[in-house]
Every structure is written in C-alpha cells, then in structure tokens.
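Peer 1: Structure file start20.csv (CSV, C-alpha atoms and all ligand atoms) is given on the next line.
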chain,number,residue,atom,x,y,z
A,1,MET,CA,100.1,-0.8,128.2
A,2,GLU,CA,102.7,-1.2,125.4
A,3,GLU,CA,102.2,-5.0,125.4
A,4,LEU,CA,98.6,-4.5,124.1
A,5,VAL,CA,99.8,-2.6,121.0
A,6,ARG,CA,101.0,-4.1,117.7
A,7,LYS,CA,104.8,-3.7,117.6
A,8,ASN,CA,104.9,-1.8,114.3
A,9,ILE,CA,102.6,0.9,115.8
A,10,LEU,CA,104.9,1.6,118.7
A,11,ASN,CA,107.6,3.5,116.8
A,12,ILE,CA,105.4,5.5,114.5
A,13,THR,CA,105.6,9.3,114.9
A,14,PRO,CA,102.0,10.6,114.2
A,15,TYR,CA,101.5,13.0,111.3
A,16,ALA,CA,101.9,16.6,112.5
A,17,ALA,CA,99.2,18.5,110.7
A,18,GLY,CA,99.4,22.3,110.1
A,19,LYS,CA,97.9,24.2,113.0
A,20,PRO,CA,94.3,25.2,112.6
A,21,ILE,CA,93.5,28.9,112.7
A,22,GLU,CA,91.0,28.5,115.6
A,23,GLU,CA,93.5,26.8,117.8
A,24,ILE,CA,96.1,29.6,117.4
A,25,LYS,CA,93.4,32.2,118.0
A,26,ARG,CA,92.5,30.5,121.3
A,27,GLN,CA,96.1,29.9,122.4
A,28,LEU,CA,97.6,33.3,121.6
A,29,GLY,CA,94.5,35.5,121.8
A,30,LEU,CA,95.2,36.8,118.4
A,31,LYS,CA,92.4,38.1,116.1
A,32,GLU,CA,93.9,38.1,112.7
A,33,ILE,CA,95.6,34.9,111.7
A,34,ILE,CA,96.7,33.7,108.3
A,35,LYS,CA,97.4,30.1,107.7
A,36,LEU,CA,100.0,29.2,105.1
A,37,ALA,CA,100.8,25.8,106.5
A,38,SER,CA,98.9,23.1,104.7
A,39,ASN,CA,98.9,24.0,101.0
A,40,GLU,CA,95.2,24.8,100.9
A,41,ASN,CA,93.4,27.1,98.5
A,42,PRO,CA,93.6,30.6,99.9
A,43,LEU,CA,90.5,31.7,97.9
A,44,GLY,CA,88.1,29.4,99.8
A,45,PRO,CA,86.1,26.5,98.3
A,46,SER,CA,84.9,26.6,94.7
A,47,PRO,CA,81.6,28.7,94.7
A,48,LYS,CA,79.9,26.1,92.6
A,49,ALA,CA,80.8,23.5,95.1
A,50,MET,CA,79.3,25.6,97.9
A,51,GLU,CA,76.1,26.0,96.0
A,52,ALA,CA,75.9,22.3,95.5
A,53,ILE,CA,76.4,21.6,99.2
A,54,LYS,CA,73.6,24.0,100.2
A,55,LYS,CA,71.3,22.4,97.7
A,56,ASN,CA,71.9,18.9,98.9
A,57,LEU,CA,72.1,19.4,102.7
A,58,SER,CA,68.6,18.1,103.3
A,59,GLY,CA,69.6,14.7,101.9
A,60,ALA,CA,72.1,14.2,104.7
A,61,ASN,CA,69.8,11.6,106.4
A,62,ARG,CA,70.6,9.2,103.6
A,63,TYR,CA,73.8,7.2,103.1
A,64,PRO,CA,75.9,8.5,100.2
A,65,ASP,CA,76.0,6.7,96.9
A,66,SER,CA,78.6,4.0,97.6
A,67,GLN,CA,79.6,3.9,93.9
A,68,GLY,CA,79.9,7.6,93.5
A,69,TYR,CA,78.1,7.3,90.1
A,70,TYR,CA,77.7,10.9,89.2
A,71,LEU,CA,81.1,12.0,90.4
A,72,LYS,CA,82.9,9.2,88.6
A,73,LYS,CA,80.9,10.0,85.4
A,74,ARG,CA,82.0,13.6,85.7
A,75,ILE,CA,85.6,12.8,86.3
A,76,SER,CA,85.7,10.3,83.5
A,77,ARG,CA,84.4,13.0,81.1
A,78,TYR,CA,86.9,15.5,82.5
A,79,LEU,CA,89.9,13.2,82.1
A,80,ASN,CA,88.7,11.2,79.1
A,81,VAL,CA,88.9,7.9,81.0
A,82,LYS,CA,86.2,5.3,81.9
A,83,PRO,CA,84.4,5.3,85.3
A,84,ALA,CA,85.9,1.8,85.6
A,85,ASN,CA,89.3,3.5,85.8
A,86,ILE,CA,88.4,5.4,89.0
A,87,VAL,CA,88.5,4.7,92.7
A,88,LEU,CA,87.1,7.4,95.0
A,89,GLY,CA,88.7,8.1,98.4
A,90,ASN,CA,88.2,10.0,101.6
A,91,GLY,CA,91.1,12.2,100.5
A,92,SER,CA,94.1,10.8,98.7
A,93,ASP,CA,95.4,9.8,102.1
A,94,GLU,CA,92.8,7.0,102.2
A,95,LEU,CA,93.8,5.9,98.7
A,96,ILE,CA,97.4,5.5,99.9
A,97,ASP,CA,96.1,3.1,102.6
A,98,ILE,CA,93.8,1.3,100.1
A,99,ILE,CA,96.7,0.8,97.6
A,100,ILE,CA,99.0,-0.7,100.3
A,101,LYS,CA,96.3,-3.0,101.7
A,102,THR,CA,95.3,-4.2,98.2
A,103,PHE,CA,98.7,-4.9,96.7
A,104,VAL,CA,101.5,-5.2,99.3
A,105,GLU,CA,102.0,-8.6,101.0
A,106,ASP,CA,103.5,-8.9,104.5
A,107,ASP,CA,107.0,-9.7,103.3
A,108,GLU,CA,107.0,-7.1,100.4
A,109,ASN,CA,108.5,-3.6,100.6
A,110,ILE,CA,107.6,-0.1,99.5
A,111,ILE,CA,110.1,2.5,98.2
A,112,THR,CA,109.9,6.3,98.3
A,113,ALA,CA,112.1,9.3,98.9
A,114,ASP,CA,113.4,10.2,102.4
A,115,ILE,CA,112.0,13.8,102.2
A,116,THR,CA,108.5,13.5,100.8
A,117,PHE,CA,104.8,13.3,101.8
A,118,LEU,CA,105.0,11.8,105.3
A,119,GLU,CA,101.9,9.7,104.9
A,120,TYR,CA,103.6,7.2,102.6
A,121,GLU,CA,105.8,6.1,105.5
A,122,ILE,CA,103.2,6.4,108.2
A,123,ILE,CA,100.6,4.4,106.4
A,124,SER,CA,103.1,1.8,105.3
A,125,LYS,CA,104.2,1.3,108.9
A,126,VAL,CA,100.6,1.2,110.2
A,127,ASN,CA,100.1,-1.7,107.8
A,128,GLY,CA,103.3,-3.4,109.0
A,129,ARG,CA,105.0,-3.0,105.7
A,130,ARG,CA,108.7,-2.2,105.3
A,131,ILE,CA,109.4,1.2,103.7
A,132,ILE,CA,112.7,2.0,102.1
A,133,SER,CA,113.5,5.8,102.0
A,134,VAL,CA,115.9,6.9,99.3
A,135,PRO,CA,117.7,10.3,99.8
A,136,LEU,CA,116.7,13.1,97.5
A,137,ARG,CA,119.3,14.5,95.2
A,138,TYR,CA,119.4,18.3,95.0
A,139,PHE,CA,115.9,18.3,96.6
A,140,LYS,CA,114.6,16.0,93.8
A,141,TYR,CA,113.5,12.4,93.7
A,142,ASP,CA,116.6,10.4,92.7
A,143,LEU,CA,115.1,7.8,90.4
A,144,GLU,CA,118.5,6.3,89.6
A,145,ALA,CA,119.1,5.6,93.3
A,146,ILE,CA,115.6,4.3,93.7
A,147,LYS,CA,116.1,1.9,90.8
A,148,LYS,CA,119.1,0.4,92.6
A,149,LYS,CA,117.1,-0.2,95.7
A,150,ILE,CA,114.4,-2.3,94.0
A,151,ASP,CA,114.8,-5.9,95.1
A,152,LYS,CA,112.7,-9.1,94.6
A,153,ASN,CA,110.4,-8.1,97.4
A,154,THR,CA,109.6,-4.6,96.1
A,155,LYS,CA,105.9,-4.1,95.2
A,156,LEU,CA,105.2,-0.4,95.3
A,157,ILE,CA,107.0,2.9,94.6
A,158,PHE,CA,105.5,6.2,95.7
A,159,ILE,CA,106.5,9.3,93.7
A,160,SER,CA,105.0,12.6,94.8
A,161,ASN,CA,105.2,14.6,91.6
A,162,PRO,CA,105.6,17.5,92.3
A,163,ASN,CA,107.2,16.6,95.6
A,164,ASN,CA,105.8,17.8,98.9
A,165,PRO,CA,107.6,19.5,100.7
A,166,THR,CA,110.3,20.5,98.1
A,167,GLY,CA,108.1,21.6,95.2
A,168,THR,CA,110.5,19.9,92.7
A,169,TYR,CA,109.4,17.5,90.0
A,170,VAL,CA,110.6,14.5,88.1
A,171,THR,CA,110.8,15.3,84.4
A,172,LYS,CA,109.2,13.3,81.5
A,173,LEU,CA,112.6,12.0,80.4
A,174,GLU,CA,113.7,10.9,83.9
A,175,PHE,CA,110.3,9.3,84.5
A,176,GLU,CA,110.3,7.3,81.2
A,177,ASP,CA,113.9,6.2,81.6
A,178,PHE,CA,112.9,4.9,85.0
A,179,MET,CA,109.7,3.2,83.8
A,180,ARG,CA,111.5,1.3,81.0
A,181,ASP,CA,113.5,-0.8,83.5
A,182,LEU,CA,110.8,-1.2,86.1
A,183,PRO,CA,110.0,-4.9,86.7
A,184,ASP,CA,106.5,-5.9,85.7
A,185,ASN,CA,105.6,-6.9,89.3
A,186,VAL,CA,106.2,-3.4,90.7
A,187,LEU,CA,103.5,-0.8,90.8
A,188,LEU,CA,104.2,2.9,90.6
A,189,VAL,CA,102.0,5.4,92.3
A,190,LEU,CA,102.3,9.0,90.9
A,191,ASP,CA,100.8,11.3,93.4
A,192,GLU,CA,99.7,14.4,91.5
A,193,ALA,CA,98.1,16.4,94.3
A,194,TYR,CA,99.5,19.7,92.9
A,195,ASP,CA,99.3,19.1,89.2
A,196,THR,CA,97.0,22.1,88.6
A,197,PHE,CA,99.8,24.5,89.2
A,198,ILE,CA,102.3,23.0,86.8
A,199,ASP,CA,103.7,25.5,84.3
A,200,VAL,CA,106.5,23.6,82.7
A,201,ASP,CA,106.5,21.6,79.5
A,202,ASP,CA,108.5,18.6,80.6
A,203,PHE,CA,106.2,17.3,83.3
A,204,PRO,CA,105.1,13.7,82.8
A,205,ARG,CA,101.3,13.6,83.1
A,206,GLY,CA,100.5,10.2,84.7
A,207,LEU,CA,97.3,9.8,82.9
A,208,ASP,CA,99.1,9.5,79.5
A,209,TYR,CA,100.8,6.4,80.7
A,210,ILE,CA,97.6,4.8,82.0
A,211,LYS,CA,95.8,5.4,78.7
A,212,GLY,CA,98.8,3.7,77.1
A,213,SER,CA,98.9,6.5,74.5
A,214,THR,CA,102.4,7.8,75.3
A,215,LYS,CA,105.4,6.4,73.5
A,216,LEU,CA,108.6,6.4,75.4
A,217,THR,CA,110.5,9.5,74.3
A,218,LEU,CA,113.9,7.9,74.8
A,219,ASP,CA,113.1,4.4,73.6
A,220,PRO,CA,115.6,3.2,71.0
A,221,GLU,CA,113.0,1.2,69.3
A,222,GLN,CA,110.6,4.3,69.2
A,223,GLY,CA,107.6,2.0,69.6
A,224,ARG,CA,107.5,0.8,73.1
A,225,ARG,CA,105.0,2.2,75.6
A,226,VAL,CA,104.9,2.3,79.3
A,227,ASN,CA,103.1,-0.8,80.6
A,228,ASN,CA,99.9,0.8,81.6
A,229,LYS,CA,99.1,-1.8,84.2
A,230,LYS,CA,101.9,-0.5,86.4
A,231,VAL,CA,100.8,3.1,87.0
A,232,ILE,CA,98.3,4.4,89.5
A,233,VAL,CA,97.7,8.2,89.6
A,234,LEU,CA,96.4,10.0,92.7
A,235,LYS,CA,94.5,13.2,92.5
A,236,THR,CA,92.8,15.4,95.1
A,237,PHE,CA,90.2,18.0,95.5
A,238,SER,CA,92.0,19.4,98.6
A,239,LYS,CA,94.3,21.8,96.8
A,240,ALA,CA,93.2,23.6,93.6
A,241,TYR,CA,89.5,23.0,94.2
A,242,GLY,CA,89.5,24.2,97.8
A,243,LEU,CA,87.7,21.2,99.3
A,244,ALA,CA,90.3,20.0,101.8
A,245,GLY,CA,87.8,20.0,104.7
A,246,LEU,CA,85.4,17.7,102.8
A,247,ARG,CA,88.1,15.0,102.3
A,248,ILE,CA,87.9,13.8,98.7
A,249,GLY,CA,90.4,12.5,96.2
A,250,TYR,CA,90.6,9.7,93.6
A,251,ALA,CA,92.9,7.2,92.0
A,252,VAL,CA,93.0,6.5,88.3
A,253,ALA,CA,94.4,3.1,87.1
A,254,ASN,CA,93.8,0.2,84.8
A,255,PRO,CA,90.3,-1.2,85.4
A,256,GLU,CA,91.6,-4.6,86.7
A,257,LEU,CA,93.7,-2.8,89.4
A,258,VAL,CA,90.7,-0.7,90.2
A,259,SER,CA,88.5,-3.8,90.7
A,260,TYR,CA,90.9,-5.1,93.4
A,261,MET,CA,91.1,-1.8,95.1
A,262,GLU,CA,87.3,-1.7,95.2
A,263,LYS,CA,87.3,-4.9,97.3
A,264,VAL,CA,89.3,-3.0,100.0
A,265,ARG,CA,87.4,0.4,99.9
A,266,GLN,CA,84.8,0.9,102.6
A,267,PRO,CA,81.4,1.2,101.0
A,268,PHE,CA,80.6,4.7,102.3
A,269,ASN,CA,84.1,6.2,102.4
A,270,VAL,CA,83.2,9.4,100.5
A,271,ASN,CA,80.3,11.4,102.1
A,272,MET,CA,77.4,12.7,100.1
A,273,LEU,CA,78.4,16.4,100.4
A,274,ALA,CA,81.9,15.7,99.2
A,275,GLN,CA,80.5,13.9,96.2
A,276,VAL,CA,78.2,16.7,95.1
A,277,ALA,CA,80.7,19.4,95.9
A,278,ALA,CA,83.5,17.7,93.9
A,279,THR,CA,81.1,17.1,90.9
A,280,ALA,CA,80.2,20.8,90.9
A,281,ALA,CA,83.8,21.9,91.4
A,282,LEU,CA,84.9,20.2,88.2
A,283,GLU,CA,82.5,22.5,86.4
A,284,ASP,CA,84.0,25.6,88.0
A,285,LYS,CA,86.5,26.5,85.4
A,286,LYS,CA,86.5,30.2,86.4
A,287,PHE,CA,87.4,29.4,89.9
A,288,LEU,CA,90.2,27.1,88.8
A,289,ARG,CA,91.6,29.7,86.5
A,290,LYS,CA,91.5,32.3,89.2
A,291,THR,CA,93.2,30.0,91.7
A,292,ARG,CA,96.0,29.2,89.2
A,293,LYS,CA,96.5,32.8,88.4
A,294,THR,CA,96.7,33.8,92.1
A,295,ILE,CA,99.2,31.1,92.9
A,296,LEU,CA,101.5,31.8,89.9
A,297,ALA,CA,101.5,35.5,90.6
A,298,GLY,CA,102.0,34.9,94.3
A,299,ARG,CA,105.0,32.7,93.5
A,300,ASP,CA,106.6,35.4,91.4
A,301,TYR,CA,106.1,37.9,94.2
A,302,LEU,CA,107.6,35.6,96.8
A,303,TYR,CA,110.6,34.7,94.7
A,304,ASP,CA,111.3,38.4,94.2
A,305,ALA,CA,110.8,39.4,97.8
A,306,LEU,CA,112.9,36.5,99.1
A,307,SER,CA,115.7,37.3,96.7
A,308,LYS,CA,115.7,40.9,97.8
A,309,LEU,CA,116.0,39.7,101.4
A,310,GLY,CA,118.9,37.4,100.4
A,311,ILE,CA,116.9,34.3,101.5
A,312,ALA,CA,117.4,31.1,99.6
A,313,TYR,CA,114.5,28.9,98.4
A,314,VAL,CA,113.9,25.9,96.3
A,315,PRO,CA,112.2,26.8,93.0
A,316,THR,CA,108.7,25.2,93.0
A,317,VAL,CA,106.0,24.0,90.5
A,318,ALA,CA,103.5,23.6,93.3
A,319,ASN,CA,101.6,26.0,95.6
A,320,PHE,CA,104.2,26.1,98.3
A,321,ILE,CA,107.8,27.1,98.7
A,322,LEU,CA,110.6,25.5,100.7
A,323,ILE,CA,112.7,28.2,102.2
A,324,ASP,CA,116.1,28.0,103.8
A,325,VAL,CA,115.9,30.4,106.7
A,326,GLY,CA,119.5,29.8,107.6
A,327,ARG,CA,118.7,29.1,111.2
A,328,ASP,CA,116.5,26.8,113.3
A,329,GLY,CA,113.2,26.5,111.4
A,330,VAL,CA,111.2,25.6,114.5
A,331,SER,CA,112.0,28.8,116.2
A,332,VAL,CA,111.3,30.8,113.1
A,333,PHE,CA,107.9,29.0,112.9
A,334,LYS,CA,107.2,29.8,116.6
A,335,ASP,CA,108.2,33.5,116.2
A,336,MET,CA,106.1,33.9,113.1
A,337,LEU,CA,103.1,32.4,115.0
A,338,LYS,CA,103.3,35.2,117.6
A,339,TYR,CA,102.6,37.6,114.7
A,340,GLY,CA,99.6,35.5,113.6
A,341,VAL,CA,101.3,33.8,110.6
A,342,ILE,CA,101.2,30.0,110.5
A,343,VAL,CA,103.8,28.4,108.4
A,344,ARG,CA,105.3,24.9,108.6
A,345,ASP,CA,108.5,23.9,110.2
A,346,MET,CA,110.3,21.1,108.6
A,347,ASP,CA,111.5,19.3,111.7
A,348,GLN,CA,109.6,16.1,111.0
A,349,TYR,CA,111.2,16.0,107.5
A,350,GLY,CA,114.7,16.4,109.0
A,351,LEU,CA,115.2,19.8,107.3
A,352,LYS,CA,116.3,21.8,110.4
A,353,ASN,CA,116.9,25.2,108.8
A,354,PHE,CA,113.9,25.3,106.6
A,355,ILE,CA,110.3,26.3,106.7
A,356,ARG,CA,107.6,25.6,104.0
A,357,VAL,CA,105.1,28.4,103.2
A,358,THR,CA,101.9,27.9,101.2
A,359,ILE,CA,101.4,30.6,98.5
A,360,GLY,CA,98.5,32.7,99.6
A,361,THR,CA,96.6,35.7,98.4
A,362,LYS,CA,98.5,38.9,97.5
A,363,LYS,CA,97.7,40.3,101.0
A,364,GLU,CA,98.7,37.1,102.8
A,365,ASN,CA,102.0,36.9,100.9
A,366,GLU,CA,102.8,40.5,101.7
A,367,ARG,CA,102.1,39.9,105.4
A,368,PHE,CA,104.2,36.8,105.3
A,369,ILE,CA,107.2,38.6,103.9
A,370,LYS,CA,106.7,41.5,106.4
A,371,VAL,CA,106.7,39.1,109.4
A,372,LEU,CA,109.5,37.0,108.1
A,373,LYS,CA,111.6,40.1,107.8
A,374,LYS,CA,110.7,41.1,111.3
A,375,VAL,CA,111.5,37.6,112.8
A,376,ILE,CA,114.7,37.1,110.9
A,377,GLY,CA,115.9,40.6,111.5
A,378,ASN,CA,115.2,40.2,115.2
A,379,ARG,CA,117.8,37.5,115.7
B,1,LIG,C1,101.7,14.9,97.9
B,1,LIG,C2,100.4,14.9,98.7
B,1,LIG,N1,99.6,13.8,98.5
B,1,LIG,C3,98.4,13.7,99.1
B,1,LIG,C4,98.0,14.7,100.0
B,1,LIG,C5,96.7,14.6,100.8
B,1,LIG,O1,95.7,14.9,100.1
B,1,LIG,P1,94.2,14.7,100.6
B,1,LIG,O2,93.8,15.9,101.3
B,1,LIG,O3,93.5,14.4,99.3
B,1,LIG,O4,94.2,13.5,101.5
B,1,LIG,C6,98.8,15.8,100.2
B,1,LIG,C7,98.4,16.9,101.2
B,1,LIG,O5,99.1,17.7,101.7
B,1,LIG,C8,100.1,15.9,99.6
B,1,LIG,O6,100.9,16.9,99.8
Can I see the file as structure tokens?
Peer 2:
Amino acid sequence: MEELVRKNILNITPYAAGKPIEEIKRQLGLKEIIKLASNENPLGPSPKAMEAIKKNLSGANRYPDSQGYYLKKRISRYLNVKPANIVLGNGSDELIDIIIKTFVEDDENIITADITFLEYEIISKVNGRRIISVPLRYFKYDLEAIKKKIDKNTKLIFISNPNNPTGTYVTKLEFEDFMRDLPDNVLLVLDEAYDTFIDVDDFPRGLDYIKGSTKLTLDPEQGRRVNNKKVIVLKTFSKAYGLAGLRIGYAVANPELVSYMEKVRQPFNVNMLAQVAATAALEDKKFLRKTRKTILAGRDYLYDALSKLGIAYVPTVANFILIDVGRDGVSVFKDMLKYGVIVRDMDQYGLKNFIRVTIGTKKENERFIKVLKKVIGNR
C-alpha cells in the first residue's frame, strides 16, 4: 500500500521510546524493574502536582482552558516574562512540530546536530522539510560547522542545550559568537529540557536573549545585543517536575512569534489535569530542590563507580550519562534487561558501543552499577 503514503513518510524510522516497566514485567516475568531509560524524574511527580490533580479530577467532563490562563500567568511570574511570550504544548515534542509548521516553508531547510534529540529529524521529515545534520565534535554541538552549513534556504536551527543523548552543552561564549553572525531570517530554537540540572557558570540561559537584556560578552563594540526576535526557548515539565506522563511543555519567544505559533496550535492541546499539575509543580520548590540534589549526588556516585570499573563516560550537565561500554551497546542493553534494569541502547543514534543511563535514586544507581558489572564481567 506504499502508493497511498506520502513519499517523505516512507523512509522515516519511528522514534524508539524507552521500554515501559509494565511491558518488561509482562515479557520477562520479572517483579522488580528499574527504568533508567527516558530521563524521567526517579522521585515521582511533584507532590503538589498530585494534590492538584486529585482536587480537579471532577472537572474532567469539561474542555480544558484553551488559553491556559492560570498556567501562563504562573510561568510568566516564575520567569519574569509576559503571558504573551508563552505557547503551551502537549510536551515540548508538540512545540517542535508547531514551530516547524509555523515557520518553515516547503523549500526551506532545518539544521541540527547528527547525534541529538531524534524528534527534530523525525518531525522535520513528517512535515516534508529537509533536515541537515551536522556531526558533533568531541560529543558537542559544533557551532562553527553549523554556521558553514547555513544557506539561503535555512530557516531554523535546533540546539539541544544540554544535548540529549551526550549531556554536553554549548557555552555562553560559543553561543554568543554563533548568534552574532546568524542571519536575521534564521530562527534558533534552544531546547532546554534539562536546564534545572545545570551546575556550571558558563551556560547560556536562553531567556536572557529573549528578554534582550544580555549584551554579547565577546562583542567588540560592547553594546550589541542578540536579536531577541530570533530565539525560541523550549522547556518541559517532563524531567525535573516529574510530569512526563501528563505531556506538558512550553515555548518562550518574542510575542509576535508567539502570535503566529498560536495560529497553528490546536485549541485543546494541553489537557486540564496537565495544566493544574504544572501550575502547582511550579510552586513546589522543595520537590525541585530534592530532585536536583538527588541527581547531582547520583551523578557523582556514578562517575566514581564507573571510573573504578575503568568504564569511560561523557561528563554531563543533565540527568543522564552517555557511557562507552566498549562493546555492542544493544547486547549490553538486552543483558541488563534480563536483570530488570532498563537503560537505553544508542543504536538509533549510531553510537554502537554506548548506552545512556538516566541518573536515578541512590538505590537505583547502585543496582545499575551492580548489574553493569555483572553483564560486562560476563563477556
Ligand atoms: C532534548 C529534549 N527535548 C524535548 C524532549 C521531550 O520533552 P517532552 O516530554 O516535553 O515532549 C526530550 C525528552 O526526552 C528531550 O530530551
């Protein structure tokens, strides 16, 4: 039935999601499973969000607020932007789609890295848009190489900062150097899904450039600012706030860009429970602090344990670690599964000898190391 399908759909490899815990329980008959495959929050959802969901369940017969009034108001207070700067999405996945549909014409192209969040490529292709993938350099976005690939048809550039699946980041100086030469007709999307875990000083916070408050550090005239009409920042409640199952994220951009994206957004794209949960989660500072502490402590533990085992990894500023297992990552993934530990093989990213592990609770991290040792020692 191929002749019925749009040609650009035929050669798309569907996104391979992390395996759900229930599926592995069913398949392998295992009782205790830990999932460290999708960069979720190991502590569960924010307790304040759960409370809000319970309180609002009885309103599920009504359509959600299509404008997300209260949530936008809460986000705008949190980030010190205006509600008119915000577009809500059914996860940031949906916002990637909305951005492409809003801004990229048929004959225009999109640039990103070759090893990065797979949805940039998949959604570009679904929309029939050409995507140019630029190789990473030492596991990092190579902005110099990306700059060279910009042509007269380039409309959009996606930067995952930090990058999934490598955990590396583009520094403030690198970013500003890149922005200075970016043509005015090119939009830059900074996907900050993991920004809560950042613990370095030279990370460029995308919002600073939208507010137009940041002078270019390297600018010889020391007065120029990044054109704030060119930057769109993506954020999600799926990671630090523990709401991946509710599907909610948002974009922050110049109000004029937002007004065009609003024409493309489906009216009821964000469900009511997601809206109330996200609004409450933003109040949950205690939960956020605990999450950050857990991840940073877990990262230190894993660095130490991996080093002791002589296993190489890519240093990360996110809640996952890319690990060089020195042999076929798919078989390491499968062997770990037999012991009830779900990690992610990197086959779809073309990183044959790697796995990616999400940083979990202390207990989960210890179990991961124990099983990794068993599996790698068994070979
Ligand atoms: C870089 C990046 N952007 C976006 C997402 C998707 O987030 P959401 O759950 O909000 O669709 C992910 C999820 O893994 C991600 O790694």
Peer 1: Counting all atoms listed in the file, figure out which residue out of A:Ile342, A:Ile232, A:Ala17, A:Leu207 gets nearest to ligand LIG 1 (chain B).
Peer 2: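 Of the candidates, the smallest distance to ligand LIG 1 (chain B) is held by A:Ala17.
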Peer 1: Please indicate the distance in Å from atom CA of A:Ile9 to atom CA of A:Ile122, rounded to one decimal place.
Peer 2: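 We find that atom CA of A:Ile9 and atom CA of A:Ile122 lie 9.4 Å from each other.
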Peer 1: Report as a list of chain:residue names all protein, DNA and RNA residues lying within 9 Å of stretch 330-340 of chain A, evaluated on only C-alpha atoms, omitting residues in the same chain fewer than 2 positions from it.
Peer 2: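 My reading of the contact set: A:Ile24, A:Lys25, A:Leu28, A:Leu30, A:Lys31, A:Glu32, A:Ile33, A:Ile34, A:Lys35, A:Val325, A:Arg327, A:Asp328, A:Ile342, A:Val343, A:Arg344, A:Asp345, A:Met346, A:Asp347, A:Lys352, A:Asn353, A:Phe354, A:Ile355, A:Phe368, A:Val371, A:Leu372, A:Lys374, A:Val375, A:Ile376.
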Peer 1: For ligand LIG 1 (chain B), return the neighbouring residues as a ChimeraX atom specification (distance at most 8 Å; all atoms listed in the file).
Peer 2: /A:38-39,89-94,116-117,119,160-165,191-194,234-239,244,247-250
Peer 1: Using all atoms listed in the file, which residue out of A:Lys54, A:Lys229, A:Pro135, A:Val317 lies closest to A:Thr171?
Peer 2: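 Ranking A:Lys54, A:Lys229, A:Pro135, A:Val317 by distance to A:Thr171, first place goes to A:Val317.
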Peer 1: Between atom CA of A:Ile359 and atom CA of A:Lys290, what is the spacing in Å?
Peer 2: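 If I compute the distance from atom CA of A:Lys290 to atom CA of A:Ile359, I get 13.7 Å.
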Peer 1: Measuring between all atoms listed in the file, which one of A:Ser133, A:Thr316, A:Asn365, A:Thr154 shows the shortest distance to A:Glu105?
Peer 2: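 Of A:Ser133, A:Thr316, A:Asn365, A:Thr154, the one nearest A:Glu105 is A:Thr154, counting all atoms listed in the file.
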Peer 1: Nearest to A:Leu282 among A:Phe175, A:Phe203, A:Ile210, A:Tyr241, with distances taken over all atoms listed in the file: which residue is it?
Peer 2: A:Tyr241
